[in-house]
file query_34.txt (compact mmCIF, C-alpha atoms)
# COMPACT_ATOMS: atom_id res chain seq x y z
CA MET A 5 -72.37 -30.42 60.56
CA THR A 6 -73.23 -27.07 59.02
CA ILE A 7 -71.16 -23.95 59.60
CA LYS A 8 -73.20 -20.79 59.70
CA GLN A 9 -71.52 -17.94 57.88
CA THR A 10 -71.71 -14.41 59.19
CA PRO A 11 -71.51 -11.44 56.83
CA GLN A 12 -67.92 -10.94 57.97
CA SER A 13 -66.89 -14.54 57.27
CA ARG A 14 -68.49 -14.45 53.80
CA GLN A 15 -66.23 -11.57 52.92
CA GLY A 16 -63.24 -13.80 53.55
CA SER A 17 -59.91 -12.09 53.08
CA GLY A 18 -60.98 -10.17 49.94
CA PRO A 19 -60.93 -6.69 51.47
CA ALA A 20 -57.63 -7.45 53.22
CA LEU A 21 -56.06 -8.64 49.97
CA LEU A 22 -57.09 -5.61 47.92
CA PRO A 23 -54.39 -3.30 49.35
CA LEU A 24 -51.82 -6.06 48.82
CA ALA A 25 -52.99 -6.52 45.23
CA SER A 26 -52.85 -2.76 44.70
CA THR A 27 -49.35 -2.60 46.14
CA LEU A 28 -48.06 -5.41 43.96
CA LEU A 29 -49.74 -4.13 40.80
CA ILE A 30 -48.47 -0.58 41.26
CA ALA A 31 -44.99 -1.93 42.03
CA THR A 32 -45.14 -4.01 38.85
CA VAL A 33 -46.11 -1.06 36.66
CA ALA A 34 -43.50 1.13 38.41
CA LEU A 35 -40.80 -1.46 37.74
CA TYR A 36 -41.88 -1.85 34.13
CA ILE A 37 -41.88 1.87 33.29
CA ALA A 38 -38.63 2.43 35.23
CA ILE A 39 -36.96 -0.24 33.09
CA VAL A 40 -38.44 1.31 29.94
CA ALA A 41 -37.12 4.76 30.87
CA PHE A 42 -33.73 3.35 31.90
CA SER A 43 -33.46 1.39 28.64
CA ASN A 44 -34.34 4.47 26.62
CA MET A 45 -31.55 6.37 28.40
CA THR A 46 -28.89 3.66 28.19
CA ASP A 47 -29.79 2.52 24.66
CA PHE A 48 -30.77 5.95 23.42
CA GLY A 49 -30.26 5.26 19.73
CA THR A 50 -32.66 2.36 19.28
CA ASN A 51 -35.89 4.13 20.17
CA GLN A 52 -34.51 7.43 18.90
CA GLN A 53 -34.66 5.84 15.45
CA PHE A 54 -38.19 4.64 16.17
CA VAL A 55 -39.37 8.16 17.06
CA ARG A 56 -37.54 9.67 14.08
CA HIS A 57 -39.16 7.26 11.60
CA VAL A 58 -42.64 7.66 13.08
CA LEU A 59 -42.47 11.45 13.03
CA ALA A 60 -40.89 11.56 9.56
CA MET A 61 -43.59 9.16 8.30
CA ASP A 62 -40.96 7.75 5.96
CA THR A 63 -42.25 4.16 6.14
CA THR A 64 -45.96 4.93 5.70
CA PHE A 65 -47.98 4.72 2.49
CA LYS A 66 -46.80 8.25 1.59
CA ASP A 67 -50.34 9.49 1.01
CA GLU A 68 -49.91 13.13 -0.04
CA ASP A 69 -53.04 14.05 1.91
CA LEU A 70 -51.23 12.98 5.10
CA MET A 71 -47.55 13.65 4.42
CA TRP A 72 -47.84 17.33 5.31
CA ARG A 73 -48.00 16.13 8.93
CA ALA A 74 -44.48 14.68 8.82
CA ILE A 75 -41.83 16.24 11.04
CA GLU A 76 -38.47 15.92 9.32
CA SER A 77 -36.44 18.14 11.62
CA ARG A 78 -34.03 15.92 13.58
CA ALA A 79 -33.94 18.52 16.35
CA LEU A 80 -37.72 18.36 16.80
CA GLN A 81 -37.71 14.57 16.54
CA ASP A 82 -35.02 14.31 19.20
CA ALA A 83 -36.78 16.86 21.42
CA ALA A 84 -39.93 14.73 21.23
CA TYR A 85 -37.94 11.63 22.16
CA VAL A 86 -36.29 13.34 25.13
CA ALA A 87 -39.73 14.58 26.26
CA ILE A 88 -41.01 10.99 26.12
CA ILE A 89 -38.09 9.78 28.26
CA VAL A 90 -38.61 12.57 30.79
CA TRP A 91 -42.35 11.76 30.98
CA GLU A 92 -41.61 8.04 31.46
CA THR A 93 -39.05 8.83 34.17
CA VAL A 94 -41.41 11.11 36.07
CA ALA A 95 -44.20 8.53 35.79
CA ALA A 96 -41.84 5.84 37.13
CA LEU A 97 -40.88 8.05 40.09
CA VAL A 98 -44.53 8.84 40.83
CA LEU A 99 -45.41 5.14 40.75
CA LEU A 100 -42.41 4.24 42.91
CA TYR A 101 -43.60 6.80 45.45
CA ALA A 102 -47.12 5.36 45.20
CA THR A 103 -45.68 1.91 45.90
CA TYR A 104 -44.00 3.32 49.00
CA ARG A 105 -47.32 4.83 50.14
CA TRP A 106 -49.07 1.46 49.62
CA ILE A 107 -46.36 -0.29 51.64
CA ARG A 108 -46.77 2.29 54.40
CA ARG A 109 -50.53 1.57 54.33
CA ASP A 110 -51.37 5.16 53.56
CA HIS A 111 -54.11 3.97 51.21
CA HIS A 112 -55.71 7.36 50.62
CA ARG A 113 -52.48 9.01 49.45
CA ALA A 114 -51.32 5.81 47.72
CA ARG A 115 -54.52 5.70 45.67
CA ARG A 116 -54.23 9.36 44.68
CA VAL A 117 -50.55 9.12 43.71
CA SER A 118 -51.13 5.81 41.90
CA THR A 119 -53.95 7.41 39.94
CA LEU A 120 -51.67 10.24 38.88
CA GLY A 121 -48.89 7.89 37.75
CA LEU A 122 -51.25 5.57 35.89
CA LEU A 123 -52.97 8.48 34.16
CA MET A 124 -49.56 9.75 33.09
CA LEU A 125 -48.91 6.39 31.41
CA MET A 126 -52.37 6.29 29.86
CA LEU A 127 -51.85 9.76 28.42
CA LEU A 128 -48.42 8.88 27.05
CA PHE A 129 -49.39 5.55 25.55
CA GLY A 130 -53.03 6.38 24.74
CA ALA A 131 -52.93 9.96 23.54
CA GLY A 132 -49.24 9.98 22.61
CA PHE A 133 -48.54 6.65 20.96
CA ILE A 134 -52.00 5.41 19.95
CA GLY A 135 -53.62 8.76 19.09
CA ILE A 136 -50.81 10.99 17.88
CA GLY A 137 -48.28 8.39 16.74
CA GLY A 138 -50.78 5.83 15.49
CA GLU A 139 -53.28 8.09 13.79
CA TRP A 140 -51.80 11.56 13.27
CA PHE A 141 -48.46 10.23 12.05
CA ALA A 142 -50.05 7.09 10.56
CA MET A 143 -47.76 4.73 12.47
CA TRP A 144 -50.29 1.95 11.82
CA GLN A 145 -49.22 2.02 8.16
CA SER A 146 -45.61 1.11 8.92
CA ALA A 147 -44.54 -2.51 8.87
CA ASP A 148 -41.18 -1.59 10.43
CA TRP A 149 -41.94 1.18 12.94
CA ASN A 150 -45.32 0.33 14.41
CA GLY A 151 -45.54 0.51 18.20
CA LEU A 152 -49.31 0.26 18.51
CA GLU A 153 -49.37 -3.26 19.97
CA GLY A 154 -46.98 -2.30 22.76
CA ALA A 155 -48.80 0.97 23.42
CA ILE A 156 -52.15 -0.81 23.65
CA ARG A 157 -50.61 -3.34 26.04
CA VAL A 158 -49.32 -0.61 28.41
CA PHE A 159 -52.54 1.41 28.11
CA THR A 160 -54.63 -1.66 28.96
CA LEU A 161 -52.40 -2.73 31.85
CA SER A 162 -52.51 0.78 33.32
CA GLY A 163 -56.28 0.93 32.93
CA VAL A 164 -56.83 -2.43 34.62
CA VAL A 165 -54.56 -1.46 37.53
CA LEU A 166 -56.37 1.88 37.80
CA LEU A 167 -59.66 0.01 38.15
CA VAL A 168 -58.24 -2.38 40.76
CA ILE A 169 -56.85 0.36 42.99
CA HIS A 170 -60.26 2.04 42.98
CA LEU A 171 -62.23 -1.06 43.93
CA PRO A 172 -64.02 -0.52 47.23
CA ALA A 173 -62.10 -2.41 49.91
CA ASP A 174 -65.02 -2.31 52.33
CA GLY A 175 -67.97 -2.54 49.99
CA ARG A 176 -68.33 1.24 49.64
CA ALA A 177 -67.26 3.48 46.79
CA THR A 178 -63.83 5.11 47.10
CA ALA A 179 -64.73 8.41 45.48
CA GLY A 180 -63.68 11.31 47.64
CA LYS A 181 -61.71 9.14 50.06
call {"tool": "encode", "arguments": {"input": "query_34.txt", "output": "structure tokens"}}
result
Amino acid sequence: MTIKQTPQSRQGSGPALLPLASTLLIATVALYIAIVAFSNMTDFGTNQQFVRHVLAMDTTFKDEDLMWRAIESRALQDAAYVAIIVWETVAALVLLYATYRWIRRDHHRARRVSTLGLLMLMLLFGAGFIGIGGEWFAMWQSADWNGLEGAIRVFTLSGVVLLVIHLPADGRATAGK
């Protein structure tokens, strides 16, 4: 016996699962960055030292052509660290709100808010940690204070989730929806 498939049956539950996948992925990233921000607040000193060493460039190769970039002011180092924590906290709140919108099945607003939160993370970890920390402050040279692997992991995760939430649920593009 042969079962004839209609175009609707060939689609299976894929389109129905995409909002669920988006909800769970956004919730996962929201949880992750909320824990990161919370940990940075409750264990302030650990990553404060990380930021201080990266900005001071004190564990790099000490190339005199690069060392002029070092920021040795503790006040500026700590201000940068606090700014990172604030950015992480706001991104976590945005993604938590996006999760709420996905749960409420407000897919249009959920997608827009999710995009904002994910782009915030991609800017922080891509431009901030990979670009500025990794290259401008030569973090890649440090054996002790190198956060590039973690930054690439968060940047990649955020990018993949960004792609998933923008997949067309009904076979059409989501631009402008």
call {"tool": "closest_atom_pairs", "arguments": {"input": "query_34.txt", "of": "range 11-69 of chain A", "to": "range 83-103 of chain A", "cutoff": "12 Å", "atoms": "all atoms listed in the file", "output": "tab-separated table"}}
result
residue	atom	partner	partner_atom	distance
A:Pro23	CA	A:Thr103	CA	10.7
A:Leu24	CA	A:Thr103	CA	10.5
A:Ala25	CA	A:Thr103	CA	11.2
A:Ser26	CA	A:Thr103	CA	8.6
A:Thr27	CA	A:Thr103	CA	5.8
A:Leu28	CA	A:Thr103	CA	7.9
A:Leu29	CA	A:Thr103	CA	8.9
A:Ile30	CA	A:Thr103	CA	6.0
A:Ala31	CA	A:Thr103	CA	5.5
A:Thr32	CA	A:Thr103	CA	9.2
A:Val33	CA	A:Leu99	CA	7.5
A:Ala34	CA	A:Leu99	CA	5.0
A:Leu35	CA	A:Ala96	CA	7.4
A:Tyr36	CA	A:Ala96	CA	8.3
A:Ile37	CA	A:Ala96	CA	5.5
A:Ala38	CA	A:Ala96	CA	5.1
A:Ile39	CA	A:Ala96	CA	8.8
A:Val40	CA	A:Glu92	CA	7.6
A:Ala41	CA	A:Thr93	CA	5.6
A:Phe42	CA	A:Thr93	CA	8.0
A:Ser43	CA	A:Ile89	CA	9.6
A:Asn44	CA	A:Ile89	CA	6.7
A:Met45	CA	A:Ile89	CA	7.4
A:Thr46	CA	A:Ile89	CA	11.0
A:Asp47	CA	A:Ile89	CA	11.6
A:Phe48	CA	A:Tyr85	CA	9.2
A:Gly49	CA	A:Tyr85	CA	10.3
A:Thr50	CA	A:Tyr85	CA	11.1
A:Asn51	CA	A:Tyr85	CA	8.0
A:Gln52	CA	A:Tyr85	CA	6.3
A:Gln53	CA	A:Tyr85	CA	9.5
A:Phe54	CA	A:Tyr85	CA	9.2
A:Val55	CA	A:Tyr85	CA	6.3
A:Arg56	CA	A:Tyr85	CA	8.3
A:His57	CA	A:Tyr85	CA	11.5
A:Val58	CA	A:Tyr85	CA	11.0
A:Leu59	CA	A:Ala84	CA	9.2
call {"tool": "closest_residue", "arguments": {"input": "query_34.txt", "among": "A:Phe159, A:Trp149, A:Trp106, A:Phe65", "to": "Gly132 in chain A", "atoms": "only C-alpha atoms"}}
result
A:Phe159
call {"tool": "atom_distance", "arguments": {"input": "query_34.txt", "atom1": "CA of Thr63 in chain A", "atom2": "CA of Gln81 in chain A"}}
result
15.4 Å
call {"tool": "residues_around", "arguments": {"input": "query_34.txt", "residues": "Val158 in chain A", "least_positions_apart": "6", "cutoff": "10 Å", "atoms": "only C-alpha atoms", "output": "CSV table (one decimal) with C-alpha atoms, in the coordinates of the input"}}
result
chain,number,residue,atom,x,y,z
A,33,VAL,CA,-46.1,-1.1,36.7
A,36,TYR,CA,-41.9,-1.8,34.1
A,37,ILE,CA,-41.9,1.9,33.3
A,122,LEU,CA,-51.2,5.6,35.9
A,125,LEU,CA,-48.9,6.4,31.4
A,126,MET,CA,-52.4,6.3,29.9
A,128,LEU,CA,-48.4,8.9,27.0
A,129,PHE,CA,-49.4,5.6,25.6
A,130,GLY,CA,-53.0,6.4,24.7
A,152,LEU,CA,-49.3,0.3,18.5
A,164,VAL,CA,-56.8,-2.4,34.6
call {"tool": "residues_near_point", "arguments": {"input": "query_34.txt", "point": "(-60.6, -0.8, 37.3)", "cutoff": "12 Å", "atoms": "all atoms listed in the file", "output": "VMD selection string"}}
result
chain A and resid 26 29 119 122 160 to 172 178
call {"tool": "atom_distance", "arguments": {"input": "query_34.txt", "atom1": "CA of Gly137 in chain A", "atom2": "CA of Ala155 in chain A"}}
result
10.0 Å
call {"tool": "atom_distance", "arguments": {"input": "query_34.txt", "atom1": "CA of Asp69 in chain A", "atom2": "CA of Gly154 in chain A"}}
result
27.2 Å
call {"tool": "build_atoms", "arguments": {"input": "query_34.txt", "residues": "range 67-94 of chain A", "atoms": "N, CA and C atoms", "output": "mmCIF file, keeping the file's coordinate frame"}}
result
data_model
loop_
_atom_site.group_PDB
_atom_site.id
_atom_site.type_symbol
_atom_site.label_atom_id
_atom_site.label_comp_id
_atom_site.auth_asym_id
_atom_site.auth_seq_id
_atom_site.Cartn_x
_atom_site.Cartn_y
_atom_site.Cartn_z
ATOM 1 N N ASP A 67 -49.140 8.835 1.523
ATOM 2 C CA ASP A 67 -50.340 9.490 1.010
ATOM 3 C C ASP A 67 -50.133 11.001 1.098
ATOM 4 N N GLU A 68 -50.194 11.682 -0.025
ATOM 5 C CA GLU A 68 -49.910 13.130 -0.040
ATOM 6 C C GLU A 68 -50.905 13.933 0.795
ATOM 7 N N ASP A 69 -52.076 13.362 1.052
ATOM 8 C CA ASP A 69 -53.040 14.050 1.910
ATOM 9 C C ASP A 69 -52.625 14.005 3.393
ATOM 10 N N LEU A 70 -51.704 13.118 3.725
ATOM 11 C CA LEU A 70 -51.230 12.980 5.100
ATOM 12 C C LEU A 70 -49.795 13.452 5.306
ATOM 13 N N MET A 71 -48.986 13.412 4.266
ATOM 14 C CA MET A 71 -47.550 13.650 4.420
ATOM 15 C C MET A 71 -47.199 15.048 4.907
ATOM 16 N N TRP A 72 -48.119 15.996 4.801
ATOM 17 C CA TRP A 72 -47.840 17.330 5.310
ATOM 18 C C TRP A 72 -47.655 17.320 6.834
ATOM 19 N N ARG A 73 -48.122 16.251 7.476
ATOM 20 C CA ARG A 73 -48.000 16.130 8.930
ATOM 21 C C ARG A 73 -46.589 15.730 9.370
ATOM 22 N N ALA A 74 -45.803 15.201 8.471
ATOM 23 C CA ALA A 74 -44.480 14.680 8.820
ATOM 24 C C ALA A 74 -43.590 15.766 9.428
ATOM 25 N N ILE A 75 -42.831 15.365 10.426
ATOM 26 C CA ILE A 75 -41.830 16.240 11.040
ATOM 27 C C ILE A 75 -40.467 15.674 10.648
ATOM 28 N N GLU A 76 -39.759 16.406 9.817
ATOM 29 C CA GLU A 76 -38.470 15.920 9.320
ATOM 30 C C GLU A 76 -37.283 16.521 10.041
ATOM 31 N N SER A 77 -37.519 17.510 10.870
ATOM 32 C CA SER A 77 -36.440 18.140 11.620
ATOM 33 C C SER A 77 -35.916 17.178 12.690
ATOM 34 N N ARG A 78 -34.630 16.829 12.590
ATOM 35 C CA ARG A 78 -34.030 15.920 13.580
ATOM 36 C C ARG A 78 -34.067 16.537 14.980
ATOM 37 N N ALA A 79 -33.908 17.850 15.047
ATOM 38 C CA ALA A 79 -33.940 18.520 16.350
ATOM 39 C C ALA A 79 -35.301 18.360 17.014
ATOM 40 N N LEU A 80 -36.370 18.533 16.244
ATOM 41 C CA LEU A 80 -37.720 18.360 16.800
ATOM 42 C C LEU A 80 -38.008 16.896 17.127
ATOM 43 N N GLN A 81 -37.536 16.002 16.281
ATOM 44 C CA GLN A 81 -37.710 14.570 16.540
ATOM 45 C C GLN A 81 -37.012 14.173 17.840
ATOM 46 N N ASP A 82 -35.784 14.650 18.003
ATOM 47 C CA ASP A 82 -35.020 14.310 19.200
ATOM 48 C C ASP A 82 -35.606 14.975 20.442
ATOM 49 N N ALA A 83 -36.127 16.182 20.289
ATOM 50 C CA ALA A 83 -36.780 16.860 21.420
ATOM 51 C C ALA A 83 -38.014 16.063 21.857
ATOM 52 N N ALA A 84 -38.758 15.545 20.906
ATOM 53 C CA ALA A 84 -39.930 14.730 21.230
ATOM 54 C C ALA A 84 -39.502 13.467 21.969
ATOM 55 N N TYR A 85 -38.424 12.855 21.524
ATOM 56 C CA TYR A 85 -37.940 11.630 22.160
ATOM 57 C C TYR A 85 -37.472 11.903 23.595
ATOM 58 N N VAL A 86 -36.749 12.980 23.789
ATOM 59 C CA VAL A 86 -36.290 13.340 25.130
ATOM 60 C C VAL A 86 -37.507 13.634 26.028
ATOM 61 N N ALA A 87 -38.516 14.301 25.489
ATOM 62 C CA ALA A 87 -39.730 14.580 26.260
ATOM 63 C C ALA A 87 -40.420 13.280 26.677
ATOM 64 N N ILE A 88 -40.428 12.295 25.797
ATOM 65 C CA ILE A 88 -41.010 10.990 26.120
ATOM 66 C C ILE A 88 -40.247 10.346 27.276
ATOM 67 N N ILE A 89 -38.919 10.382 27.207
ATOM 68 C CA ILE A 89 -38.090 9.780 28.260
ATOM 69 C C ILE A 89 -38.309 10.496 29.590
ATOM 70 N N VAL A 90 -38.376 11.803 29.562
ATOM 71 C CA VAL A 90 -38.610 12.570 30.790
ATOM 72 C C VAL A 90 -39.971 12.189 31.372
ATOM 73 N N TRP A 91 -40.997 12.117 30.533
ATOM 74 C CA TRP A 91 -42.350 11.760 30.980
ATOM 75 C C TRP A 91 -42.349 10.363 31.598
ATOM 76 N N GLU A 92 -41.696 9.408 30.933
ATOM 77 C CA GLU A 92 -41.610 8.040 31.460
ATOM 78 C C GLU A 92 -40.895 8.030 32.818
ATOM 79 N N THR A 93 -39.826 8.799 32.926
ATOM 80 C CA THR A 93 -39.050 8.830 34.170
ATOM 81 C C THR A 93 -39.872 9.415 35.305
ATOM 82 N N VAL A 94 -40.563 10.498 35.037
ATOM 83 C CA VAL A 94 -41.410 11.110 36.070
ATOM 84 C C VAL A 94 -42.533 10.150 36.467
#
